[in-house]
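The structure file my_file27.cif is reproduced below (mmCIF, C-alpha atoms).
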```cif
data_work
#
loop_
_atom_site.label_atom_id
_atom_site.label_comp_id
_atom_site.auth_asym_id
_atom_site.auth_seq_id
_atom_site.Cartn_x
_atom_site.Cartn_y
_atom_site.Cartn_z
CA MET A 24 -6.46 70.94 85.63
CA ARG A 25 -8.64 68.01 86.75
CA ASN A 26 -7.12 64.89 88.24
CA PRO A 27 -9.53 61.93 88.50
CA LEU A 28 -8.95 60.18 91.81
CA SER A 29 -10.73 57.05 90.65
CA VAL A 30 -7.42 55.58 89.43
CA LEU A 31 -6.28 55.49 93.05
CA LEU A 32 -9.25 53.48 94.34
CA PRO A 33 -7.45 50.10 94.38
CA LEU A 34 -4.94 51.55 96.85
CA ALA A 35 -7.70 53.19 98.88
CA LEU A 36 -9.34 49.87 99.66
CA ALA A 37 -6.66 49.22 102.23
CA ALA A 38 -7.25 52.53 104.00
CA THR A 39 -8.86 52.56 107.44
CA ALA A 40 -12.18 54.39 107.52
CA LEU A 41 -12.61 56.76 110.46
CA ALA A 42 -15.92 57.56 112.13
CA GLN A 43 -17.39 60.81 110.83
CA VAL A 44 -19.42 62.13 113.75
CA PRO A 45 -20.24 65.77 114.53
CA THR A 46 -19.37 67.01 118.00
CA PHE A 47 -19.20 70.08 120.17
CA GLN A 48 -15.91 70.95 121.84
CA ALA A 49 -15.63 73.53 124.61
CA ALA A 50 -13.17 76.37 124.08
CA SER A 51 -11.89 79.27 126.19
CA ASN A 52 -11.47 79.40 129.95
CA ASN A 53 -11.94 83.15 130.36
CA ALA A 54 -15.40 83.54 128.78
CA PRO A 55 -17.30 86.81 129.40
CA GLY A 56 -19.92 85.23 131.67
CA PRO A 57 -23.26 83.38 131.41
CA ARG A 58 -26.02 85.06 129.40
CA TYR A 59 -28.81 84.54 126.90
CA GLY A 60 -30.14 86.73 124.11
CA ALA A 61 -26.63 87.94 123.29
CA SER A 62 -25.41 88.75 119.77
CA LEU A 63 -22.52 86.81 118.24
CA CYS A 64 -20.93 87.04 114.79
CA ALA A 65 -17.67 86.37 112.98
CA LEU A 66 -15.10 89.07 112.34
CA GLY A 67 -12.75 89.20 109.37
CA ASN A 68 -9.52 88.79 111.36
CA GLY A 69 -9.82 85.25 112.72
CA SER A 70 -12.03 86.19 115.63
CA LEU A 71 -15.60 86.34 116.94
CA LEU A 72 -17.52 89.35 118.29
CA LEU A 73 -19.93 89.08 121.24
CA PHE A 74 -22.23 91.86 122.44
CA GLY A 75 -24.74 92.23 125.25
CA GLY A 76 -27.48 89.85 126.26
CA ASP A 77 -29.12 89.22 129.63
CA ASP A 78 -27.43 87.64 132.65
CA GLY A 79 -30.73 86.82 134.36
CA SER A 80 -30.91 90.02 136.38
CA SER A 81 -30.08 92.83 133.95
CA ARG A 82 -29.42 93.70 130.32
CA LEU A 83 -25.76 93.77 129.33
CA GLY A 84 -23.87 96.22 127.12
CA ASP A 85 -20.38 94.74 127.11
CA THR A 86 -18.39 93.92 123.97
CA TRP A 87 -15.91 91.05 123.72
CA ILE A 88 -13.61 89.70 121.00
CA TYR A 89 -12.59 86.06 120.95
CA ASP A 90 -9.26 85.32 119.27
CA ILE A 91 -9.67 81.83 117.81
CA ALA A 92 -5.95 81.07 117.41
CA ALA A 93 -5.05 82.27 120.92
CA ASN A 94 -8.24 80.86 122.51
CA THR A 95 -8.74 84.03 124.57
CA TRP A 96 -11.44 86.67 125.11
CA THR A 97 -10.62 90.38 125.34
CA GLN A 98 -13.15 92.99 126.45
CA VAL A 99 -13.44 96.08 124.23
CA GLN A 100 -13.39 99.28 126.25
CA GLY A 101 -15.10 102.49 125.21
CA GLY A 102 -18.44 103.49 123.74
CA GLY A 103 -20.93 101.28 121.99
CA PRO A 104 -24.60 100.29 121.98
CA SER A 105 -26.53 100.65 125.22
CA PRO A 106 -27.32 97.48 127.23
CA ARG A 107 -29.83 95.22 125.45
CA ARG A 108 -30.80 91.67 124.58
CA TRP A 109 -32.29 90.13 121.41
CA ALA A 110 -30.47 92.52 119.07
CA ALA A 111 -29.72 91.32 115.53
CA MET A 112 -26.08 91.27 114.43
CA THR A 113 -24.15 89.84 111.49
CA HIS A 114 -20.84 90.27 109.67
CA HIS A 115 -20.95 92.32 106.44
CA SER A 116 -18.08 90.45 104.81
CA SER A 117 -17.14 92.76 101.94
CA LEU A 118 -16.43 95.62 104.37
CA GLY A 119 -15.18 93.48 107.24
CA TRP A 120 -17.63 95.13 109.64
CA ALA A 121 -20.13 93.73 112.09
CA ILE A 122 -23.53 95.44 111.92
CA LEU A 123 -25.98 95.49 114.83
CA HIS A 124 -29.56 96.73 114.82
CA GLY A 125 -32.17 97.16 117.55
CA GLY A 126 -32.65 94.97 120.57
CA GLN A 127 -34.60 95.16 123.81
CA GLY A 128 -33.27 97.51 126.48
CA PRO A 129 -34.55 98.01 130.05
CA LEU A 130 -37.10 100.59 128.83
CA GLY A 131 -38.14 99.02 125.51
CA ASP A 132 -36.94 98.28 122.00
CA HIS A 133 -34.22 100.20 120.16
CA GLY A 134 -34.10 101.20 116.49
CA ASP A 135 -30.47 102.29 116.22
CA THR A 136 -27.83 100.79 113.92
CA TRP A 137 -24.20 100.33 114.92
CA VAL A 138 -21.15 99.03 113.06
CA PHE A 139 -18.03 97.54 114.63
CA ASP A 140 -14.90 98.00 112.52
CA GLY A 141 -12.74 95.49 114.38
CA THR A 142 -11.62 98.01 116.99
CA ARG A 143 -14.56 100.20 118.01
CA TRP A 144 -18.29 100.84 117.55
CA TRP A 145 -19.74 103.58 115.34
CA LEU A 146 -23.36 104.79 115.46
CA ARG A 147 -24.87 105.07 111.98
CA THR A 148 -27.36 107.81 111.21
CA GLY A 149 -30.00 108.18 108.49
CA THR A 150 -32.95 106.01 107.51
CA SER A 151 -33.21 102.90 109.65
CA PRO A 152 -35.71 100.13 110.38
CA ALA A 153 -38.10 100.97 113.22
CA ALA A 154 -37.36 99.92 116.79
CA ARG A 155 -37.67 96.17 117.32
CA SER A 156 -36.20 93.09 119.01
CA VAL A 157 -36.15 89.31 118.45
CA HIS A 158 -35.76 90.03 114.73
CA THR A 159 -33.08 88.50 112.51
CA MET A 160 -30.32 89.51 110.07
CA ALA A 161 -27.91 87.71 107.74
CA TYR A 162 -25.42 88.69 105.05
CA ASP A 163 -26.25 87.86 101.42
CA ARG A 164 -22.82 87.10 99.94
CA GLY A 165 -24.18 86.88 96.40
CA ARG A 166 -25.65 90.38 96.42
CA ASP A 167 -23.38 92.02 99.02
CA ARG A 168 -26.31 93.03 101.21
CA THR A 169 -27.24 92.55 104.84
CA VAL A 170 -30.90 91.48 105.05
CA LEU A 171 -33.17 92.17 108.05
CA PHE A 172 -36.61 90.68 108.66
CA GLY A 173 -39.40 90.93 111.21
CA GLY A 174 -39.52 91.20 114.95
CA HIS A 175 -42.63 91.84 117.08
CA ASN A 176 -45.67 92.42 114.81
CA ARG A 177 -43.48 93.26 111.82
CA THR A 178 -43.33 91.78 108.32
CA ASP A 179 -40.96 94.27 106.69
CA THR A 180 -37.73 93.35 104.92
CA TRP A 181 -34.78 95.75 104.88
CA GLU A 182 -31.35 95.69 103.25
CA TRP A 183 -28.12 97.44 104.21
CA ASN A 184 -25.55 98.00 101.45
CA GLY A 185 -22.70 99.12 103.67
CA PHE A 186 -23.74 102.77 103.59
CA GLY A 187 -27.40 102.80 104.63
CA TRP A 188 -30.73 100.98 104.91
CA ALA A 189 -33.45 100.66 102.27
CA GLN A 190 -36.76 98.83 102.68
CA ARG A 191 -37.55 96.16 100.08
CA THR A 192 -40.88 96.43 98.27
CA LEU A 193 -42.09 92.85 97.93
CA THR A 194 -45.29 91.34 96.59
CA ALA A 195 -45.49 88.69 99.33
CA SER A 196 -43.93 88.23 102.76
CA PRO A 197 -44.12 85.80 105.68
CA SER A 198 -46.49 86.73 108.49
CA ALA A 199 -45.07 88.48 111.55
CA ARG A 200 -42.88 86.28 113.73
CA THR A 201 -40.22 86.46 116.41
CA PHE A 202 -37.25 84.24 117.24
CA ALA A 203 -36.85 83.21 113.59
CA SER A 204 -33.46 82.99 111.85
CA LEU A 205 -32.10 84.19 108.53
CA VAL A 206 -29.44 82.07 106.83
CA TYR A 207 -27.83 82.57 103.42
CA ASP A 208 -27.28 79.31 101.51
CA ASP A 209 -24.09 80.02 99.52
CA ARG A 210 -24.33 76.97 97.29
CA ARG A 211 -27.87 77.74 96.11
CA GLY A 212 -27.54 81.52 96.40
CA VAL A 213 -30.73 81.79 98.49
CA MET A 214 -31.62 83.70 101.66
CA MET A 215 -33.79 81.53 103.95
CA LEU A 216 -36.07 82.48 106.86
CA LEU A 217 -36.43 79.58 109.29
CA GLY A 218 -38.93 78.85 112.06
CA GLY A 219 -40.03 81.29 114.74
CA SER A 220 -43.05 82.16 116.86
CA LEU A 221 -46.20 83.52 115.18
CA ILE A 222 -48.45 86.22 116.65
CA SER A 223 -50.80 83.46 117.84
CA GLY A 224 -47.98 82.13 120.03
CA SER A 225 -47.64 78.89 118.09
CA HIS A 226 -44.28 77.75 116.85
CA THR A 227 -43.74 77.18 113.15
CA ASN A 228 -41.55 74.89 111.05
CA GLN A 229 -41.97 77.09 107.98
CA VAL A 230 -39.02 77.93 105.75
CA TRP A 231 -39.29 80.89 103.36
CA GLU A 232 -36.91 81.91 100.57
CA LEU A 233 -36.29 85.47 99.39
CA GLY A 234 -36.52 86.01 95.65
CA ALA A 235 -36.24 89.06 93.40
CA THR A 236 -39.78 90.29 94.09
CA SER A 237 -41.20 88.28 97.01
CA TRP A 238 -40.75 85.74 99.77
CA THR A 239 -42.00 82.28 98.82
CA PRO A 240 -42.55 79.15 100.98
CA ALA A 241 -39.80 76.56 100.57
CA ALA A 242 -40.62 72.98 99.62
CA VAL A 243 -38.67 71.55 102.58
CA PRO A 244 -39.80 72.71 106.07
CA LEU A 245 -37.92 72.30 109.32
CA PRO A 246 -38.13 68.87 110.97
CA TRP A 247 -39.89 70.41 114.00
CA PRO A 248 -41.62 73.71 114.83
CA ARG A 249 -39.02 75.66 116.82
CA ILE A 250 -38.34 79.08 118.25
CA GLY A 251 -34.98 80.36 119.36
CA ALA A 252 -33.12 77.58 117.57
CA SER A 253 -29.62 78.35 116.34
CA PHE A 254 -28.93 78.17 112.61
CA ALA A 255 -25.82 78.74 110.50
CA TYR A 256 -24.60 77.85 107.03
CA ASP A 257 -21.38 75.85 107.03
CA ARG A 258 -19.67 77.04 103.83
CA SER A 259 -16.95 74.39 104.03
CA ARG A 260 -19.47 71.52 103.94
CA GLY A 261 -22.26 73.27 101.99
CA ARG A 262 -25.08 72.70 104.46
CA THR A 263 -27.28 74.52 106.95
CA VAL A 264 -26.96 73.39 110.57
CA MET A 265 -29.75 73.68 113.18
CA PHE A 266 -29.23 73.26 116.93
CA GLY A 267 -31.59 73.31 119.91
CA GLY A 268 -34.26 75.93 120.55
CA LEU A 269 -37.67 75.64 122.20
CA GLN A 270 -40.17 73.02 121.08
CA GLN A 271 -43.88 73.16 121.83
CA ALA A 272 -45.72 70.11 123.19
CA PRO A 273 -49.34 69.44 122.13
CA GLY A 274 -50.59 71.06 125.35
CA GLY A 275 -48.62 74.24 124.71
CA ALA A 276 -45.74 73.70 127.15
CA THR A 277 -42.27 74.38 125.79
CA SER A 278 -39.01 72.58 126.47
CA ALA A 279 -35.43 73.36 125.51
CA GLN A 280 -33.82 71.00 123.02
CA ALA A 281 -30.27 69.83 122.34
CA ASP A 282 -30.73 68.03 119.03
CA CYS A 283 -28.91 68.85 115.81
CA TYR A 284 -30.10 68.67 112.19
CA GLU A 285 -28.42 69.46 108.88
CA TRP A 286 -29.72 70.14 105.38
CA ASP A 287 -27.61 70.24 102.21
CA GLY A 288 -30.23 72.01 100.09
CA THR A 289 -31.52 68.86 98.39
CA ALA A 290 -34.19 66.24 99.04
CA PRO A 291 -35.17 64.41 101.14
CA GLY A 292 -34.65 67.18 103.69
CA TRP A 293 -33.19 67.66 107.14
CA VAL A 294 -31.08 64.86 108.60
CA GLN A 295 -30.56 64.45 112.34
CA ARG A 296 -26.93 64.22 113.44
CA ILE A 297 -26.17 62.34 116.65
CA LEU A 298 -23.50 64.26 118.53
CA ALA A 299 -20.42 62.56 119.95
CA ASN A 300 -20.27 65.13 122.76
CA PRO A 301 -23.77 66.54 123.42
CA ILE A 302 -24.17 69.86 125.20
CA THR A 303 -27.02 70.98 127.44
CA PRO A 304 -30.40 71.93 125.88
CA ARG A 305 -30.68 75.65 125.24
CA TYR A 306 -32.21 78.54 123.32
CA GLY A 307 -31.31 82.22 123.07
CA THR A 308 -27.88 81.52 121.66
CA ASN A 309 -26.22 81.99 118.27
CA LEU A 310 -24.52 79.60 115.88
CA VAL A 311 -22.06 81.36 113.56
CA TYR A 312 -19.62 80.25 110.86
CA ARG A 313 -16.04 81.48 110.79
CA SER A 314 -13.92 80.65 107.73
CA GLY A 315 -11.16 78.21 108.53
CA SER A 316 -12.51 77.10 111.90
CA GLY A 317 -16.13 76.03 111.38
CA LEU A 318 -19.18 76.74 113.54
CA TRP A 319 -19.25 78.40 116.96
CA LEU A 320 -21.96 78.70 119.63
CA PHE A 321 -22.03 80.77 122.83
CA GLY A 322 -24.15 80.73 125.99
CA GLY A 323 -27.94 80.50 126.07
CA SER A 324 -30.67 79.43 128.45
CA GLY A 325 -32.22 76.03 129.12
CA PHE A 326 -34.67 77.01 131.92
CA GLY A 327 -31.91 76.36 134.44
CA PRO A 328 -28.60 78.07 135.18
CA LEU A 329 -27.54 80.25 132.25
CA ASN A 330 -24.73 79.01 130.04
CA GLY A 331 -21.51 80.94 129.47
CA ASP A 332 -19.60 78.40 127.43
CA LEU A 333 -18.15 78.79 123.95
CA GLN A 334 -18.50 75.63 121.87
CA ARG A 335 -17.06 74.70 118.47
CA TYR A 336 -19.11 72.40 116.22
CA PHE A 337 -17.13 70.27 113.79
CA ILE A 338 -16.84 66.81 112.23
CA GLN A 339 -14.54 64.44 114.11
CA ASN A 340 -11.76 63.13 111.87
CA GLY A 341 -13.07 65.45 109.17
CA ALA A 342 -11.37 66.64 106.00
CA THR A 343 -8.18 68.65 106.39
CA TYR A 344 -5.53 70.21 104.16
CA SER A 345 -2.18 71.25 105.62
CA GLN A 346 1.55 71.36 104.93
CA SER A 347 3.45 68.26 105.98
CA GLY A 348 6.91 68.88 104.55
CA PRO A 349 9.18 71.71 103.31
CA GLY A 350 9.75 72.83 99.75
CA CYS A 351 12.76 74.15 97.90
CA GLY A 352 11.72 77.13 95.82
CA ALA A 353 8.55 76.10 93.97
CA PRO A 354 5.21 77.82 94.67
CA SER A 355 2.98 76.33 97.35
CA LEU A 356 -0.40 74.75 96.70
CA VAL A 357 -3.07 76.77 98.53
CA ALA A 358 -6.73 76.00 99.21
CA SER A 359 -9.47 78.44 100.23
CA SER A 360 -10.25 78.36 103.96
CA ASP A 361 -13.83 77.42 103.01
CA GLU A 362 -12.79 74.45 100.87
CA LEU A 363 -11.70 71.00 102.03
CA PRO A 364 -11.43 67.55 100.38
CA TRP A 365 -14.88 66.10 101.19
CA LEU A 366 -16.05 62.91 99.49
CA GLY A 367 -18.17 63.64 96.44
CA GLU A 368 -16.83 67.18 96.03
CA ALA A 369 -14.41 68.94 93.70
CA PHE A 370 -11.45 70.16 95.77
CA THR A 371 -9.58 73.11 94.27
CA ARG A 372 -6.08 74.27 95.12
CA THR A 373 -4.10 76.98 93.34
CA ALA A 374 -0.43 77.83 92.82
CA GLN A 375 0.95 81.10 91.48
CA PHE A 376 3.43 80.93 88.61
CA GLY A 377 4.97 83.64 86.45
CA LEU A 378 6.14 82.54 83.03
CA PRO A 379 4.86 79.20 81.67
CA LYS A 380 6.42 76.25 83.47
CA LEU A 381 6.48 72.48 83.06
CA VAL A 382 5.24 70.90 86.28
CA ILE A 383 5.05 67.32 87.50
CA HIS A 384 2.03 67.06 89.82
CA GLU A 385 2.62 64.16 92.21
CA ILE A 386 -0.04 62.46 94.35
CA GLY A 387 0.56 59.48 96.64
CA PHE A 388 -0.97 57.54 99.51
CA GLY A 389 2.14 57.30 101.62
CA PRO A 390 4.32 59.90 103.33
CA GLN A 391 8.07 59.84 103.03
CA ASP A 392 11.01 62.16 103.64
CA LEU A 393 13.48 61.47 100.84
CA ASP A 394 16.52 63.75 100.42
CA LEU A 395 16.87 64.38 96.66
CA GLY A 396 20.46 65.57 96.82
CA PHE A 397 21.64 62.29 95.34
CA VAL A 398 19.83 63.06 92.04
CA GLY A 399 21.19 66.61 91.75
CA MET A 400 18.57 68.48 93.83
CA PRO A 401 20.41 69.49 97.04
CA GLY A 402 18.14 70.87 99.75
CA CYS A 403 15.02 69.36 98.16
CA ARG A 404 12.93 66.58 99.68
CA LEU A 405 10.22 64.31 98.32
CA GLY A 406 7.43 64.21 100.89
CA GLY A 407 5.08 61.60 99.39
CA THR A 408 5.24 58.27 97.60
CA ALA A 409 4.24 59.85 94.26
CA ASP A 410 2.00 56.96 93.16
CA ILE A 411 0.68 59.11 90.29
CA MET A 412 2.69 61.72 88.39
CA MET A 413 1.17 64.02 85.75
CA LEU A 414 3.12 66.37 83.51
CA VAL A 415 1.33 69.70 82.85
CA LEU A 416 2.17 73.12 81.42
CA VAL A 417 1.11 75.94 83.77
CA SER A 418 1.27 79.72 83.99
CA GLY A 419 -0.14 82.53 86.13
CA LEU A 420 -2.58 81.57 88.89
CA GLN A 421 -3.07 77.88 88.13
CA PRO A 422 -5.97 75.85 89.60
CA PHE A 423 -5.56 72.17 90.39
CA VAL A 424 -8.96 70.47 90.79
CA LEU A 425 -9.30 67.04 92.38
CA GLU A 426 -12.65 65.30 91.86
CA VAL A 427 -13.00 63.27 95.06
CA PRO A 428 -15.31 60.29 94.45
CA ASN A 429 -18.20 59.75 96.84
CA THR A 430 -16.71 56.39 97.81
CA LEU A 431 -16.57 55.32 101.46
CA ALA A 432 -13.42 53.29 100.74
CA LEU A 433 -11.65 56.66 100.64
CA ASN A 434 -13.06 57.85 103.98
CA GLY A 435 -10.19 58.79 106.30
CA THR A 436 -7.54 58.35 103.59
CA ASP A 437 -4.50 60.63 103.61
CA LEU A 438 -3.06 61.80 100.29
CA TYR A 439 0.25 63.60 99.86
CA GLU A 440 0.81 65.96 96.94
CA GLN A 441 3.72 68.01 95.71
CA LEU A 442 4.73 69.97 92.61
CA ALA A 443 8.06 69.40 90.88
CA VAL A 444 8.68 72.51 88.75
CA VAL A 445 11.17 72.47 85.88
CA THR A 446 13.43 75.51 86.43
CA PRO A 447 16.70 75.25 84.45
CA GLY A 448 19.79 76.32 86.39
CA VAL A 449 18.18 76.23 89.84
CA ASN A 450 20.24 73.12 90.67
CA PRO A 451 22.12 70.44 88.65
CA LEU A 452 18.87 68.64 87.77
CA GLY A 453 16.94 71.88 87.06
CA ILE A 454 13.91 71.02 89.22
CA GLU A 455 12.57 72.67 92.37
CA MET A 456 9.89 71.28 94.70
CA SER A 457 6.84 72.81 96.35
CA PRO A 458 6.09 72.08 100.02
CA THR A 459 4.37 68.72 100.52
CA MET A 460 0.66 69.05 101.36
CA ARG A 461 -1.34 66.40 103.18
CA MET A 462 -5.07 66.12 102.47
CA ARG A 463 -7.34 63.95 104.54
CA LEU A 464 -10.39 62.80 102.59
CA SER A 465 -13.57 62.58 104.62
CA ALA A 466 -17.31 62.10 104.44
CA LYS A 467 -19.35 65.01 105.73
#
```
Represent the structure contained in this file as structure tokens.
Amino acid sequence: MRNPLSVLLPLALAATALAQVPTFQAASNNAPGPRYGASLCALGNGSLLLFGGDDGSSRLGDTWIYDIAANTWTQVQGGGPSPRRWAAMTHHSSLGWAILHGGQGPLGDHGDTWVFDGTRWWLRTGTSPAARSVHTMAYDRGRDRTVLFGGHNRTDTWEWNGFGWAQRTLTASPSARTFASLVYDDRRGVMMLLGGSLISGSHTNQVWELGATSWTPAAVPLPWPRIGASFAYDRSRGRTVMFGGLQQAPGGATSAQADCYEWDGTAPGWVQRILANPITPRYGTNLVYRSGSGLWLFGGSGFGPLNGDLQRYFIQNGATYSQSGPGCGAPSLVASSDELPWLGEAFTRTAQFGLPKLVIHEIGFGPQDLDLGFVGMPGCRLGGTADIMMLVLVSGLQPFVLEVPNTLALNGTDLYEQLAVVTPGVNPLGIEMSPTMRMRLSAK
């Protein structure tokens, strides 16, 4: 069901708008140690996986798991890939595995493929892309494929379907490049190749998109030619984020950057975001998205001491959705971990019902904690002011869709919603209540 929020705008005018500014926030006090050229990706169990890199004196072959909820790192003991830097690694979401290919060891590049199942590493055999480093991989959620491109002097594109590799036969491809990044844009369903260093040594701001038969240049390039910049697609906000990297001056000298840009897939292009809490300039790091917690970045080099920090990138005072009060028997409203109530977006929650039920869907601007025992609903509480109440007939897995207007008057507004479900005999009034949910509306 769709509930137009526009009827609530008169009340929203009194709401206090909060500043919507992106920031980095340091996490974890027991990080694995400073390094650059390491591989970082999300895991399917609320954690991040870190492998290898270079500590400035040697290649590393250690494996670490960061538990986001506990804010702790744990080293994985046992076998795994040999020490290396500049390997490509990503999370193959449908299987819940991390996949790693190649990388530069002390004696040269590797061409092996490993998968991490959440507990241990497994070496995969069979056809595999040739040995390489400073190449890039990303998971295509639309096609359930991991895509690999490039590396030193290479223009080949490979795909891994969870069982093995196959090379794509394409009519056109980007020229060879290193230190580029692959990112899958979920909203547009497009795999993008961003930036990198060409064989000539020059940096590029090119963006290419992978189609059914070829790579094609994108209409919107990067704001600056960069190598070693960190890119990730933020599925919650529907935009690609770029941080740092190396930028080339007209004379050829390079310098590490600490700027941040975002692109939502539409014109006019990339928009610079001024950070509330800037971090040091760096390259040779990774920016990864983890459902439910946003973007994460680890380590890197800035031509000075190596970094060993773990940073979370998020919007201050951003959109949230969480329980704020108890229920008394009715199903809970649940939102996907990748979906939040952003201005200008449709925000979907679901509730699971069995047989058809009459439901009063209540939305209000104010919180309250009203004991409903006095109306024949002992043990039930009303958690919001219920400024709007809508009677609907529901059954099965029922979606509730809120069209949030792109109106700054709503920025920072808290809404409280609850379901009152007609269930004869459950109490004298025959109504049970879902837990109260608080949603904070926010600009991106």
_If the PyMOL selection byres ((chain A and resi 118-124) around 10) were run on this exact file, what residues would it hold? Put them as a PyMOL selection string._
chain A and resi 62-68+71-72+74+104+109-117+125-126+133-142+144-147+151-156+158-162+167+169+171+183-185
Need the neighbours of (-27.5, 72.0, 103.4): which residues are at most 6 Å away, counting only C-alpha atoms, as a tab-separated table (two decimals) with C-alpha atoms, in the coordinates of the input?
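Done, and the output landed in point25.tsv:
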```
chain	number	residue	atom	x	y	z
A	261	GLY	CA	-22.26	73.27	101.99
A	262	ARG	CA	-25.08	72.70	104.46
A	263	THR	CA	-27.28	74.52	106.95
A	286	TRP	CA	-29.72	70.14	105.38
A	287	ASP	CA	-27.61	70.24	102.21
A	288	GLY	CA	-30.23	72.01	100.09
```
*For the structure shown, which residues end up in the PyMOL selection byres ((chain A and resi 274-276) around 12)? Put them as a ChimeraX atom specification, please?*
/A:223-226,269-273,277-279
*With distances taken over all atoms listed in the file, which of A:Ala195, A:Met456, A:Ala281, A:Val415 is nearest to Thr239 in chain A?*
A:Ala195
_At a cut-off of 9 Å around the point (-12.2, 84.9, 123.4) (file coordinates), what residues fall inside when counting only C-alpha atoms? I'd like the answer as a VMD selection string._
chain A and resid 50 to 55 70 to 72 87 to 91 93 to 98 333
*Closest to Gly352 in chain A among A:Leu442, A:Ile383, A:Leu320, A:Leu233, using all atoms listed in the file?*
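Answer, going by the shortest atom-to-atom distance: A:Leu442.
The neighbours of Thr303 in chain A here are the residues that come within 10 Å of it, using only C-alpha atoms and leaving out any residue fewer than 6 positions away in the same chain; they are Gly267, Ala279, Gln280, Ala281, Asp282, Gly323, Ser324, Gly325 and Asn330 of chain A.
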Go ahead and save the picked residues with C-alpha atoms, as a compact mmCIF listing (two decimals), keeping the file's coordinate frame.
```txt
# COMPACT_ATOMS: atom_id res chain seq x y z
CA GLY A 267 -31.59 73.31 119.91
CA ALA A 279 -35.43 73.36 125.51
CA GLN A 280 -33.82 71.00 123.02
CA ALA A 281 -30.27 69.83 122.34
CA ASP A 282 -30.73 68.03 119.03
CA GLY A 323 -27.94 80.50 126.07
CA SER A 324 -30.67 79.43 128.45
CA GLY A 325 -32.22 76.03 129.12
CA ASN A 330 -24.73 79.01 130.04
```
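The shortest atom-to-atom distance to Gly407 in chain A, with only C-alpha atoms taken into account, belongs to A:Leu438 out of A:Ala369, A:Leu438, A:Met265, A:Leu381.
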*Using only C-alpha atoms, which of A:Glu426, A:Asp132, A:Glu182, A:Asp437 sits nearest Leu366 in chain A?*
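Among A:Glu426, A:Asp132, A:Glu182, A:Asp437, it is A:Glu426 that comes nearest to Leu366 in chain A.
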*Hits of the PyMOL selection byres ((chain A and resi 357) around 8) in this structure, as JSON, numbers by chain*: {"A": [355, 356, 358, 359, 372, 373, 374]}
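When only C-alpha atoms are used to compute distances to Ala432 in chain A, the closest of the residues A:Ser465, A:Thr408, A:Asn309, A:Asn228 turns out to be A:Ser465.
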*Which residue gives the smallest distance to Ala92 in chain A among A:Gly315, A:Gly187, A:Gly60, A:Pro246, with all atoms listed in the file counted?*
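Checking each candidate against Ala92 in chain A, we get A:Gly315 as the closest.
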*May I have the residues within 12 Å of Phe337 in chain A as a list in words, using all atoms listed in the file and disregarding those fewer than 6 positions away in the same chain?*
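Once the nearby chain positions are removed, what remains is Gln43, Val44, Pro45, Thr46, Phe47, Gln48, Ala49, Asp257, Ser259, Arg260, Val264, Arg296, Leu298, Ala299, Asn300, Tyr312, Arg313, Gly315, Ser316, Gly317, Leu318, Trp319, Leu320, Thr343 and Lys467 of chain A.
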*In Å to one decimal, how far is CA of Pro458 in chain A from CA of Glu362 in chain A?*
19.0 Å
*So how many Å separate CA of Trp238 in chain A and CA of Trp293 in chain A, to one decimal?*
20.9 Å
*Provide the CA of Gly219 in chain A to CA of Gly56 in chain A distance in Å, to one decimal place.*
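Computing the Euclidean distance for CA of Gly219 in chain A and CA of Gly56 in chain A yields 26.6 Å.
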Listed atoms of range 293-307 of chain A, axis-aligned box, 8 Å per side: centre and edge lengths to one decimal in Å, as JSON?
```
{"center_x": -26.7, "center_y": 72.3, "center_z": 117.3, "size_x": 28.9, "size_y": 35.9, "size_z": 36.3}
```
